[in-house]
Each structure stands twice: as structure tokens, then as C-alpha cells.
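Heads up: the structure comes next, in C-alpha cells.
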Amino acid sequence: MVRRWSSRSAFTHPFQTFANFISFHRCWLWDYLRYSNSAGFFLPLSGGLDSCSTATLVYSMCRIVVRALHDGNPQVHRDVVRIAGPYHPEGWLPQDAKELCGTLLSTAYLGMSAQSSSETRSRAQRFAEAIGSKHTSMEIQPIFQAFQDVFTKSTNFQPSFDGSTAEDLALQNLQARSRMVMCE
């Protein structure tokens, strides 16, 4: 007999609800900023689900912070002034989550004109505008091409996106590594 987990069982997981899961990550992100003395976050925004979900967590964190700020939490006030205040005139406090997100989150679309669609570029731009992040678009083609040239010179083989499945996958991984170079 298979025993099924029930919410009424003796064991309860801290992430029993999706709201608890999200709340944990929002608080962790704020604590990370507070304790690391970081000025914010940088996130490559592809326009896809993974990066947009991550950016949503940051925006959601900003909503909690602004709510606590407006509720008069003195610790949050001190932290906001210390973390985000240096980038604004003295006495500045964010009026809403979008304004705080614009100070704490920078996003970039890291695409290749030959391989990236205008739809994903546009989706990333629209999403960044919706949450207020500082956003830019960067062309990673030169980095990708440099890596591909080294590989071709070393192996006398030039993989192609139109080649085998293995070639296509290898080049997609090379794109991902090129984005990592931009983010470090």
C-alpha cells in the first residue's frame, strides 16, 4: 500500500504552499543585499521563462520592501537608504516597487543578431519596462565568434547550427558560455 502525503500529516514542509516558497526567496534576496553590501543585482534577461521568473522574484522582493517602508519599519528604512539611497538625492525613498526595482535590478538582453529572434529581444525589453529594471541590449556575437574560431582552428572542424543535432547543441552551449563571460 502506497501512503500518500497529506497536508494534515505530521510532517509539514516549509514550502507547503507556493506563497511560502516565493516569500522565502524574496526575503532571502533582501537579506543577501543587506549582508553582502551589494548595490543590487544584474540579470541576463532572455525573454524566456527562467530569467523572467528570477526577475519577478526581485520585483516581488521590492514590493515587500516598499510595503514595509510605507508601514514605517525603521530597519527597512535604514537599509533602503544605505543600499539604494547613494544613487539618488538625499532624502529619496522609493514610492513604489517599480522605482526601487529600477535602482536594485539591472537587466541585459545578451543576444546574437544571427540567432536571436526579435520576439525574444522585444519580450525582454517589455518585461524590463514592466518591472522597472535598468535594461540594455548587448550583442555577444564577437565573443561567440572568438570561441568558435579557437575551436575551429584547434580541431579543423567548424560546427554549424544547420549541421547535426550534436553540432547545434554544442553551439547553443557555446552561446550560453558567451553570456557567462559577459556576466562575470
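If you're wondering about the labels, chains in the C-alpha cells are A, B, ... by order shown, residues count from 1 in each chain, ligands from 1 in order shown.
Summary of the local environment: counting only C-alpha atoms, residues at most 12 Å from Ser117 (chain A), other than itself and those fewer than 6 positions away along its chain, are Ser46, Gly47, Gly48, Tyr109, Leu110, Gly111, Arg123 and Ala124 of chain A.
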Atoms to include: C-alpha atoms. Write the selected residues as an mmCIF file, in the first residue's frame.
```cif
data_model
loop_
_atom_site.group_PDB
_atom_site.id
_atom_site.type_symbol
_atom_site.label_atom_id
_atom_site.label_comp_id
_atom_site.auth_asym_id
_atom_site.auth_seq_id
_atom_site.Cartn_x
_atom_site.Cartn_y
_atom_site.Cartn_z
ATOM 1 C CA SER A 46 16.436 36.400 -22.344
ATOM 2 C CA GLY A 47 12.703 36.915 -22.581
ATOM 3 C CA GLY A 48 12.226 33.291 -21.557
ATOM 4 C CA TYR A 109 19.461 41.060 -23.283
ATOM 5 C CA LEU A 110 22.554 39.183 -24.467
ATOM 6 C CA GLY A 111 21.732 38.156 -27.996
ATOM 7 C CA ARG A 123 9.808 40.362 -24.813
ATOM 8 C CA ALA A 124 12.845 41.008 -22.597
#
```
For Leu174 (chain A), list every protein, DNA or RNA residue within 10 Å, evaluated using only C-alpha atoms, and leave out those in the same chain fewer than 4 positions away; present the list as a CSV table (one decimal) with C-alpha atoms, in the first residue's frame.
```
chain,number,residue,atom,x,y,z
A,143,ILE,CA,32.6,36.7,-28.1
A,144,PHE,CA,30.8,33.7,-29.6
A,145,GLN,CA,32.8,34.0,-32.8
A,147,PHE,CA,35.3,31.0,-29.1
A,148,GLN,CA,34.1,29.3,-32.4
A,168,ASP,CA,23.6,22.6,-32.9
A,169,LEU,CA,23.6,21.7,-29.2
A,170,ALA,CA,27.3,22.4,-28.9
A,178,SER,CA,29.5,33.5,-24.1
A,179,ARG,CA,26.7,35.0,-22.0
A,180,MET,CA,28.5,33.8,-18.9
```
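Taking the backbone of this structure through DSSP, the residues of region 126-166 of chain A that come out as strand (DSSP E) are Lys134, His135, Thr136, Ser137, Met138 and Glu139 of chain A.
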Just to be explicit: take each residue in the selection above, keep N, CA and C atoms, and write the result as a PDB file, in the first residue's frame.
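Generated output (part-v7.pdb):
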```
ATOM      1  N   LYS A 134      16.667  48.613 -14.907  1.00  0.00           N
ATOM      2  CA  LYS A 134      17.511  49.284 -15.906  1.00  0.00           C
ATOM      3  C   LYS A 134      17.895  48.223 -16.914  1.00  0.00           C
ATOM      4  N   HIS A 135      17.629  48.454 -18.170  1.00  0.00           N
ATOM      5  CA  HIS A 135      17.800  47.405 -19.175  1.00  0.00           C
ATOM      6  C   HIS A 135      18.644  47.897 -20.346  1.00  0.00           C
ATOM      7  N   THR A 136      19.457  46.999 -20.839  1.00  0.00           N
ATOM      8  CA  THR A 136      20.236  47.281 -22.038  1.00  0.00           C
ATOM      9  C   THR A 136      20.250  46.028 -22.906  1.00  0.00           C
ATOM     10  N   SER A 137      20.687  46.193 -24.118  1.00  0.00           N
ATOM     11  CA  SER A 137      20.799  45.074 -25.036  1.00  0.00           C
ATOM     12  C   SER A 137      22.243  45.005 -25.506  1.00  0.00           C
ATOM     13  N   MET A 138      22.835  43.829 -25.442  1.00  0.00           N
ATOM     14  CA  MET A 138      24.237  43.655 -25.829  1.00  0.00           C
ATOM     15  C   MET A 138      24.363  42.547 -26.867  1.00  0.00           C
ATOM     16  N   GLU A 139      25.216  42.765 -27.813  1.00  0.00           N
ATOM     17  CA  GLU A 139      25.494  41.791 -28.874  1.00  0.00           C
ATOM     18  C   GLU A 139      26.674  40.919 -28.428  1.00  0.00           C
TER      19      GLU A 139
END
```
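Near Arg63 (chain A), within 8 Å and counting only C-alpha atoms, sit A:Tyr59, A:Arg67, A:Asp96, A:Ala97, not including residues fewer than 4 positions from it in the same chain.
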How would the residues just chosen look if you wrote them out with all heavy atoms as a PDB file, in the first residue's frame?
```pdb
ATOM      1  N   TYR A  59      11.523  41.715  -8.299  1.00  0.00           N
ATOM      2  CA  TYR A  59      10.451  42.704  -8.262  1.00  0.00           C
ATOM      3  C   TYR A  59       9.538  42.456  -7.060  1.00  0.00           C
ATOM      4  O   TYR A  59       9.134  43.392  -6.354  1.00  0.00           O
ATOM      5  CB  TYR A  59       9.642  42.677  -9.561  1.00  0.00           C
ATOM      6  CG  TYR A  59       8.492  43.646  -9.548  1.00  0.00           C
ATOM      7  CD1 TYR A  59       8.716  45.016  -9.715  1.00  0.00           C
ATOM      8  CD2 TYR A  59       7.195  43.213  -9.347  1.00  0.00           C
ATOM      9  CE1 TYR A  59       7.659  45.917  -9.681  1.00  0.00           C
ATOM     10  CE2 TYR A  59       6.137  44.100  -9.316  1.00  0.00           C
ATOM     11  CZ  TYR A  59       6.375  45.452  -9.485  1.00  0.00           C
ATOM     12  OH  TYR A  59       5.326  46.335  -9.440  1.00  0.00           O
ATOM     13  N   ARG A  67       6.433  47.983   0.859  1.00  0.00           N
ATOM     14  CA  ARG A  67       5.311  47.864   1.795  1.00  0.00           C
ATOM     15  C   ARG A  67       5.797  48.068   3.235  1.00  0.00           C
ATOM     16  O   ARG A  67       5.184  48.810   4.010  1.00  0.00           O
ATOM     17  CB  ARG A  67       4.630  46.509   1.659  1.00  0.00           C
ATOM     18  CG  ARG A  67       3.357  46.404   2.493  1.00  0.00           C
ATOM     19  CD  ARG A  67       2.620  45.069   2.337  1.00  0.00           C
ATOM     20  NE  ARG A  67       2.515  44.644   0.967  1.00  0.00           N
ATOM     21  CZ  ARG A  67       2.908  43.450   0.524  1.00  0.00           C
ATOM     22  NH1 ARG A  67       3.437  42.570   1.342  1.00  0.00           N
ATOM     23  NH2 ARG A  67       2.769  43.120  -0.745  1.00  0.00           N
ATOM     24  N   ASP A  96       7.269  53.314  -5.011  1.00  0.00           N
ATOM     25  CA  ASP A  96       6.650  52.032  -5.346  1.00  0.00           C
ATOM     26  C   ASP A  96       7.729  51.011  -5.696  1.00  0.00           C
ATOM     27  O   ASP A  96       8.918  51.341  -5.775  1.00  0.00           O
ATOM     28  CB  ASP A  96       5.642  52.170  -6.485  1.00  0.00           C
ATOM     29  CG  ASP A  96       6.237  52.749  -7.755  1.00  0.00           C
ATOM     30  OD1 ASP A  96       7.460  52.611  -7.986  1.00  0.00           O
ATOM     31  OD2 ASP A  96       5.480  53.339  -8.548  1.00  0.00           O
ATOM     32  N   ALA A  97       7.302  49.772  -5.872  1.00  0.00           N
ATOM     33  CA  ALA A  97       8.233  48.674  -6.141  1.00  0.00           C
ATOM     34  C   ALA A  97       8.988  48.879  -7.450  1.00  0.00           C
ATOM     35  O   ALA A  97      10.172  48.554  -7.546  1.00  0.00           O
ATOM     36  CB  ALA A  97       7.488  47.349  -6.167  1.00  0.00           C
TER      37      ALA A  97
END
```
task: Write down as a PyMOL selection string the residues of region 132-183 of chain A whose backbone DSSP state falls under alpha helix (DSSP H).
output: chain A and resi 141-155+165-183
Output as JSON lines one row per residue of region 88-146 of chain A within 12 Å of region 77-82 of chain A: the closest atom pair and its distance in Å to one decimal place, counting only C-alpha atoms, sorted by chain and residue number ascending.
```
{"residue": "A:His88", "atom": "CA", "partner": "A:Val81", "partner_atom": "CA", "distance": 9.3}
{"residue": "A:Pro89", "atom": "CA", "partner": "A:Val81", "partner_atom": "CA", "distance": 10.5}
{"residue": "A:Glu90", "atom": "CA", "partner": "A:Val81", "partner_atom": "CA", "distance": 8.9}
{"residue": "A:Gly91", "atom": "CA", "partner": "A:Val81", "partner_atom": "CA", "distance": 8.1}
{"residue": "A:Trp92", "atom": "CA", "partner": "A:Val81", "partner_atom": "CA", "distance": 7.7}
{"residue": "A:Leu93", "atom": "CA", "partner": "A:Val81", "partner_atom": "CA", "distance": 7.3}
{"residue": "A:Pro94", "atom": "CA", "partner": "A:Val80", "partner_atom": "CA", "distance": 8.6}
{"residue": "A:Gln95", "atom": "CA", "partner": "A:Val80", "partner_atom": "CA", "distance": 11.9}
{"residue": "A:Leu100", "atom": "CA", "partner": "A:Val80", "partner_atom": "CA", "distance": 8.9}
{"residue": "A:Cys101", "atom": "CA", "partner": "A:Val80", "partner_atom": "CA", "distance": 11.6}
{"residue": "A:Thr103", "atom": "CA", "partner": "A:Val80", "partner_atom": "CA", "distance": 10.4}
{"residue": "A:Leu104", "atom": "CA", "partner": "A:Val80", "partner_atom": "CA", "distance": 10.1}
```
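The list of residues with at least one atom within 7 Å of region 23-40 of chain A, based on only C-alpha atoms and without residues fewer than 3 positions apart in the same chain, reads A:Ala19, A:Asn20, A:Leu57, A:Val58, A:Ser60, A:Met61, A:Asp79, A:Ile83, A:Ala84, A:Leu104, A:Leu105.
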Could you write those residues out with N, CA, C and O atoms, as a compact mmCIF listing (two decimals), in the first residue's frame?
```txt
# COMPACT_ATOMS: atom_id res chain seq x y z
N ALA A 19 3.04 30.24 -2.06
CA ALA A 19 3.26 31.55 -1.44
C ALA A 19 4.43 31.50 -0.46
O ALA A 19 5.24 32.43 -0.41
N ASN A 20 4.54 30.42 0.32
CA ASN A 20 5.66 30.29 1.24
C ASN A 20 6.98 30.19 0.48
O ASN A 20 7.99 30.76 0.90
N LEU A 57 11.00 37.50 -9.02
CA LEU A 57 11.33 37.36 -7.60
C LEU A 57 11.95 38.65 -7.06
O LEU A 57 11.64 39.09 -5.95
N VAL A 58 12.84 39.27 -7.84
CA VAL A 58 13.46 40.53 -7.41
C VAL A 58 12.39 41.62 -7.30
O VAL A 58 12.34 42.36 -6.32
N SER A 60 9.23 41.21 -6.81
CA SER A 60 8.39 40.84 -5.68
C SER A 60 9.06 41.22 -4.35
O SER A 60 8.39 41.68 -3.42
N MET A 61 10.38 41.04 -4.28
CA MET A 61 11.14 41.47 -3.11
C MET A 61 10.96 42.98 -2.92
O MET A 61 10.74 43.46 -1.82
N ASP A 79 17.98 50.37 5.85
CA ASP A 79 18.57 49.53 4.80
C ASP A 79 18.36 50.12 3.41
O ASP A 79 19.27 50.12 2.58
N ILE A 83 21.39 51.03 1.01
CA ILE A 83 21.60 50.24 -0.20
C ILE A 83 21.28 51.03 -1.47
O ILE A 83 22.07 51.05 -2.41
N ALA A 84 20.11 51.65 -1.51
CA ALA A 84 19.66 52.32 -2.74
C ALA A 84 19.84 53.84 -2.69
O ALA A 84 19.91 54.48 -3.74
N LEU A 104 17.68 48.72 -7.96
CA LEU A 104 18.34 47.49 -7.50
C LEU A 104 18.57 46.43 -8.57
O LEU A 104 19.36 45.51 -8.36
N LEU A 105 17.87 46.51 -9.70
CA LEU A 105 17.99 45.46 -10.71
C LEU A 105 18.38 46.03 -12.07
O LEU A 105 17.70 46.90 -12.60
```
- line: Pairwise distance, CA of Cys183 (chain A) with CA of Cys52 (chain A), equals 16.6 Å
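Among the candidate residues A:Thr56, A:Thr165, A:Ile140, A:Lys153, the one lying nearest to Arg177 (chain A) is A:Ile140, with distances computed using only C-alpha atoms.
Proximity ranking of A:Lys98, A:Ile64, A:Pro74, A:Met112 relative to Gln141 (chain A) places A:Met112 first, based on only C-alpha atoms.
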